[in-house]
Amino acid sequence: MVDHTDLKHLRRALELAREALEAGDAPFGSVLVASDGTVLAEDRNRTGGGDRTRHPEFALARWAAENMKPADRPGATVYTSGEHCPMCAAAHGFVGLGRIVYAGSSGQLVAWRADFGAAPSPVRALPIREVVPGLTVEGPVPELADELREMHRRYSAELAARG
């Protein structure tokens with residue numbers, strides 16, 4: 001169950017998503033938190049330069065692999081604005097990170113993009129648990145949906161305007 005602490009970290013993930021949007025990137029942000037509550041790392045989407053693999057969830061998995069002891073990784077939580085794509089879920093699973101808490105689901109994003117008339121993703125949207133079975137995953141968080149949807153609407157409109 002998502003609690004007050006989870007909401008605080010999810011709100012930070014949404015702030016990072018907004019930073020990504022302001023920089024011309026898709027609105028995604030993520031925060032990696034240790035089992036003791038220490039924020040270890042955070043990042044935002046950086047795909048605007050053409051490398052569509054520069055997702056924050058993937059960056060945090062790489063950060064964890066380089067900076068955390070394997071024994072500490074399962075106790076960490078990744079808070080993220082959107083449910084991990086299959087690439088990021090696989091990275092999370094291979095590195096051995098623990099719980100994922102997301103504000104918006106991949107299913108919601110697919111539906112929102114369709115409502116906006118945006119092109120579908122080139123990668124199939126799969127729930128995290130289909131990629132990493134047995135992982136503790138919580139989300140979506142309904143009270144954050146409107147804010148997240150609006151960021152994705154704006155991003156889709158900006159992409160359409162660029163042509």
# chains A, B, ... in the order shown; residues from 1 in each chain; ligands from 1
>>> select_by_dssp(residues="chain A", states="alpha helix (DSSP H)", output="PyMOL selection string")
chain A and resi 4-22+56-67+86-95+106-116+128-131+145-162
>>> residues_around(residues="Ala34 (chain A)", least_positions_apart="6", cutoff="12 Å", atoms="only C-alpha atoms", output="PDB file with N, CA and C atoms, in the first residue's frame")
ATOM      1  N   HIS A   9       8.019  10.697  -2.357  1.00  0.00           N
ATOM      2  CA  HIS A   9       8.993  10.321  -3.385  1.00  0.00           C
ATOM      3  C   HIS A   9       8.362  10.315  -4.778  1.00  0.00           C
ATOM      4  N   LEU A  40      19.191   7.933  -2.849  1.00  0.00           N
ATOM      5  CA  LEU A  40      20.515   7.584  -3.377  1.00  0.00           C
ATOM      6  C   LEU A  40      20.803   8.247  -4.715  1.00  0.00           C
ATOM      7  N   ALA A  41      19.803   8.312  -5.565  1.00  0.00           N
ATOM      8  CA  ALA A  41      19.994   8.868  -6.908  1.00  0.00           C
ATOM      9  C   ALA A  41      18.627   9.208  -7.479  1.00  0.00           C
ATOM     10  N   GLU A  42      18.645  10.104  -8.441  1.00  0.00           N
ATOM     11  CA  GLU A  42      17.419  10.443  -9.161  1.00  0.00           C
ATOM     12  C   GLU A  42      17.810  10.875 -10.565  1.00  0.00           C
ATOM     13  N   ALA A  64      22.753   1.817  -9.614  1.00  0.00           N
ATOM     14  CA  ALA A  64      22.740   0.823  -8.532  1.00  0.00           C
ATOM     15  C   ALA A  64      23.795  -0.258  -8.764  1.00  0.00           C
ATOM     16  N   ASN A  67      27.158   1.369  -7.902  1.00  0.00           N
ATOM     17  CA  ASN A  67      27.364   2.037  -6.621  1.00  0.00           C
ATOM     18  C   ASN A  67      26.806   1.333  -5.391  1.00  0.00           C
ATOM     19  N   MET A  68      26.002   0.319  -5.567  1.00  0.00           N
ATOM     20  CA  MET A  68      25.402  -0.378  -4.424  1.00  0.00           C
ATOM     21  C   MET A  68      25.931  -1.793  -4.318  1.00  0.00           C
ATOM     22  N   LYS A  69      26.053  -2.265  -3.097  1.00  0.00           N
ATOM     23  CA  LYS A  69      26.397  -3.667  -2.875  1.00  0.00           C
ATOM     24  C   LYS A  69      25.203  -4.520  -3.293  1.00  0.00           C
ATOM     25  N   ALA A  71      23.895  -6.989  -1.958  1.00  0.00           N
ATOM     26  CA  ALA A  71      23.037  -7.320  -0.815  1.00  0.00           C
ATOM     27  C   ALA A  71      22.101  -6.176  -0.432  1.00  0.00           C
ATOM     28  N   ASP A  72      22.448  -4.931  -0.810  1.00  0.00           N
ATOM     29  CA  ASP A  72      21.620  -3.770  -0.463  1.00  0.00           C
ATOM     30  C   ASP A  72      20.542  -3.469  -1.497  1.00  0.00           C
ATOM     31  N   ARG A  73      20.723  -3.969  -2.684  1.00  0.00           N
ATOM     32  CA  ARG A  73      19.804  -3.622  -3.779  1.00  0.00           C
ATOM     33  C   ARG A  73      18.363  -4.087  -3.558  1.00  0.00           C
ATOM     34  N   PRO A  74      18.121  -5.307  -3.058  1.00  0.00           N
ATOM     35  CA  PRO A  74      16.723  -5.736  -2.878  1.00  0.00           C
ATOM     36  C   PRO A  74      15.933  -4.889  -1.886  1.00  0.00           C
ATOM     37  N   GLY A  75      16.622  -4.200  -0.978  1.00  0.00           N
ATOM     38  CA  GLY A  75      15.937  -3.356  -0.010  1.00  0.00           C
ATOM     39  C   GLY A  75      15.617  -1.972  -0.531  1.00  0.00           C
ATOM     40  N   ALA A  76      16.123  -1.628  -1.694  1.00  0.00           N
ATOM     41  CA  ALA A  76      15.896  -0.307  -2.275  1.00  0.00           C
ATOM     42  C   ALA A  76      14.555  -0.264  -3.010  1.00  0.00           C
ATOM     43  N   THR A  77      14.010   0.945  -3.114  1.00  0.00           N
ATOM     44  CA  THR A  77      12.759   1.168  -3.833  1.00  0.00           C
ATOM     45  C   THR A  77      12.994   2.181  -4.942  1.00  0.00           C
ATOM     46  N   VAL A  78      12.431   1.915  -6.104  1.00  0.00           N
ATOM     47  CA  VAL A  78      12.436   2.881  -7.196  1.00  0.00           C
ATOM     48  C   VAL A  78      11.043   3.482  -7.286  1.00  0.00           C
ATOM     49  N   TYR A  79      10.993   4.796  -7.145  1.00  0.00           N
ATOM     50  CA  TYR A  79       9.755   5.561  -7.314  1.00  0.00           C
ATOM     51  C   TYR A  79       9.828   6.200  -8.685  1.00  0.00           C
ATOM     52  N   LEU A  97      17.262  -4.908  -7.978  1.00  0.00           N
ATOM     53  CA  LEU A  97      16.628  -3.909  -7.134  1.00  0.00           C
ATOM     54  C   LEU A  97      15.302  -4.439  -6.596  1.00  0.00           C
ATOM     55  N   GLY A  98      14.822  -3.804  -5.527  1.00  0.00           N
ATOM     56  CA  GLY A  98      13.583  -4.230  -4.889  1.00  0.00           C
ATOM     57  C   GLY A  98      12.355  -3.575  -5.461  1.00  0.00           C
ATOM     58  N   ARG A  99      11.496  -3.160  -4.591  1.00  0.00           N
ATOM     59  CA  ARG A  99      10.159  -2.638  -4.877  1.00  0.00           C
ATOM     60  C   ARG A  99      10.164  -1.493  -5.891  1.00  0.00           C
TER      61      ARG A  99
END
>>> residues_around(residues="Glu158 (chain A)", least_positions_apart="3", cutoff="12 Å", atoms="only C-alpha atoms", output="list in words")
Leu21, Glu22, Ala23, Gly24, Asp25, Ala26, Pro27, Phe116, Ala118, Met151, His152, Arg153, Arg154, Tyr155, Ala161, Arg162 and Gly163 of chain A
>>> select_by_dssp(residues="chain A", states="strand (DSSP E or B)", output="ChimeraX atom specification")
/A:29-33,39-44,77-82,100-104,137-138
>>> closest_residue(among="A:Pro122, A:Gly50, A:Gly82, A:Gly107", to="Val31 (chain A)", atoms="only C-alpha atoms")
A:Gly82
>>> atom_distance(atom1="CA of Asp51 (chain A)", atom2="CA of Ala145 (chain A)")
27.0 Å
>>> atom_distance(atom1="CA of Ala65 (chain A)", atom2="CA of Val95 (chain A)")
5.9 Å
>>> residues_around(residues="Asp115 (chain A)", least_positions_apart="6", cutoff="12 Å", atoms="only C-alpha atoms", output="VMD selection string")
chain A and resid 108 to 109 149 to 150 152 to 153 156 to 157
>>> write_last_selection(atoms="N, CA and C atoms", output="compact mmCIF listing (two decimals), in the first residue's frame")
# COMPACT_ATOMS: atom_id res chain seq x y z
N GLN A 108 -2.38 2.99 -18.68
CA GLN A 108 -2.92 4.34 -18.70
C GLN A 108 -2.24 5.16 -19.79
N LEU A 109 -0.92 5.04 -19.90
CA LEU A 109 -0.18 5.81 -20.90
C LEU A 109 -0.62 5.44 -22.31
N ARG A 149 -1.25 12.83 -16.56
CA ARG A 149 -1.91 12.84 -17.87
C ARG A 149 -1.70 14.18 -18.58
N GLU A 150 -1.80 15.27 -17.84
CA GLU A 150 -1.62 16.59 -18.43
C GLU A 150 -0.20 16.76 -18.96
N HIS A 152 1.71 14.39 -20.14
CA HIS A 152 1.80 13.60 -21.37
C HIS A 152 0.99 14.23 -22.50
N ARG A 153 -0.12 14.88 -22.18
CA ARG A 153 -0.89 15.59 -23.20
C ARG A 153 -0.05 16.72 -23.79
N SER A 156 2.72 15.32 -26.00
CA SER A 156 2.19 14.87 -27.30
C SER A 156 1.88 16.05 -28.20
N ALA A 157 1.32 17.11 -27.63
CA ALA A 157 1.00 18.32 -28.42
C ALA A 157 2.28 18.97 -28.93
>>> closest_residue(among="A:Ala91, A:Cys85, A:Leu148, A:Val2", to="Val123 (chain A)", atoms="only C-alpha atoms")
A:Cys85
>>> atom_distance(atom1="CA of Lys8 (chain A)", atom2="CA of Gly139 (chain A)")
14.3 Å
>>> residues_around(residues="region 54-56 of chain A", least_positions_apart="4", cutoff="7 Å", atoms="only C-alpha atoms", output="tab-separated table (two decimals) with all heavy atoms, in the first residue's frame")
chain	number	residue	atom	x	y	z
A	29	GLY	N	10.29	10.69	-14.68
A	29	GLY	CA	11.31	10.93	-13.67
A	29	GLY	C	11.28	9.81	-12.65
A	29	GLY	O	10.22	9.19	-12.43
A	30	SER	N	12.44	9.54	-12.04
A	30	SER	CA	12.55	8.43	-11.09
A	30	SER	C	13.50	8.77	-9.96
A	30	SER	O	14.46	9.53	-10.14
A	30	SER	CB	13.06	7.17	-11.80
A	30	SER	OG	12.20	6.80	-12.84
A	43	ASP	N	16.86	10.76	-11.47
A	43	ASP	CA	17.12	11.15	-12.85
A	43	ASP	C	15.80	11.42	-13.53
A	43	ASP	O	14.73	11.12	-13.00
A	43	ASP	CB	17.91	10.06	-13.58
A	43	ASP	CG	18.70	10.59	-14.77
A	43	ASP	OD1	18.59	11.80	-15.11
A	43	ASP	OD2	19.42	9.80	-15.40
A	44	ARG	N	15.91	11.99	-14.72
A	44	ARG	CA	14.75	12.27	-15.56
A	44	ARG	C	15.04	11.73	-16.95
A	44	ARG	O	16.18	11.40	-17.28
A	44	ARG	CB	14.47	13.76	-15.61
A	44	ARG	CG	15.60	14.55	-16.27
A	44	ARG	CD	15.16	15.97	-16.55
A	44	ARG	NE	16.17	16.76	-17.18
A	44	ARG	CZ	16.49	16.74	-18.47
A	44	ARG	NH1	15.90	15.91	-19.30
A	44	ARG	NH2	17.42	17.54	-18.96
A	45	ASN	N	13.99	11.65	-17.74
A	45	ASN	CA	14.14	11.18	-19.11
A	45	ASN	C	15.08	12.13	-19.87
A	45	ASN	O	15.03	13.34	-19.68
A	45	ASN	CB	12.77	11.14	-19.78
A	45	ASN	CG	12.68	10.11	-20.87
A	45	ASN	OD1	13.64	9.46	-21.20
A	45	ASN	ND2	11.49	9.98	-21.43
A	46	ARG	N	15.93	11.56	-20.73
A	46	ARG	CA	16.89	12.34	-21.50
A	46	ARG	C	16.93	11.84	-22.96
A	46	ARG	O	17.97	11.74	-23.56
A	46	ARG	CB	18.28	12.25	-20.87
A	46	ARG	CG	18.30	12.81	-19.46
A	46	ARG	CD	19.64	12.67	-18.78
A	46	ARG	NE	19.56	13.06	-17.40
A	46	ARG	CZ	19.61	14.31	-16.95
A	46	ARG	NH1	19.73	15.32	-17.78
A	46	ARG	NH2	19.53	14.57	-15.66
A	47	THR	N	15.76	11.54	-23.49
A	47	THR	CA	15.66	10.94	-24.81
A	47	THR	C	15.63	11.96	-25.95
A	47	THR	O	15.73	11.58	-27.11
A	47	THR	CB	14.39	10.07	-24.91
A	47	THR	OG1	13.25	10.87	-24.61
A	47	THR	CG2	14.46	8.89	-23.96
A	60	LEU	N	18.95	4.58	-13.29
A	60	LEU	CA	19.03	4.25	-11.87
A	60	LEU	C	19.46	2.79	-11.67
A	60	LEU	O	20.19	2.49	-10.72
A	60	LEU	CB	17.71	4.53	-11.16
A	60	LEU	CG	17.32	6.01	-11.08
A	60	LEU	CD1	16.03	6.17	-10.29
A	60	LEU	CD2	18.43	6.87	-10.49
>>> closest_residue(among="A:Ala111, A:Leu10, A:Val137, A:Ala119", to="His84 (chain A)", atoms="only C-alpha atoms")
A:Val137
>>> closest_residue(among="A:Ser121, A:Ser81, A:Ser105, A:Thr136", to="Ala13 (chain A)", atoms="only C-alpha atoms")
A:Ser81
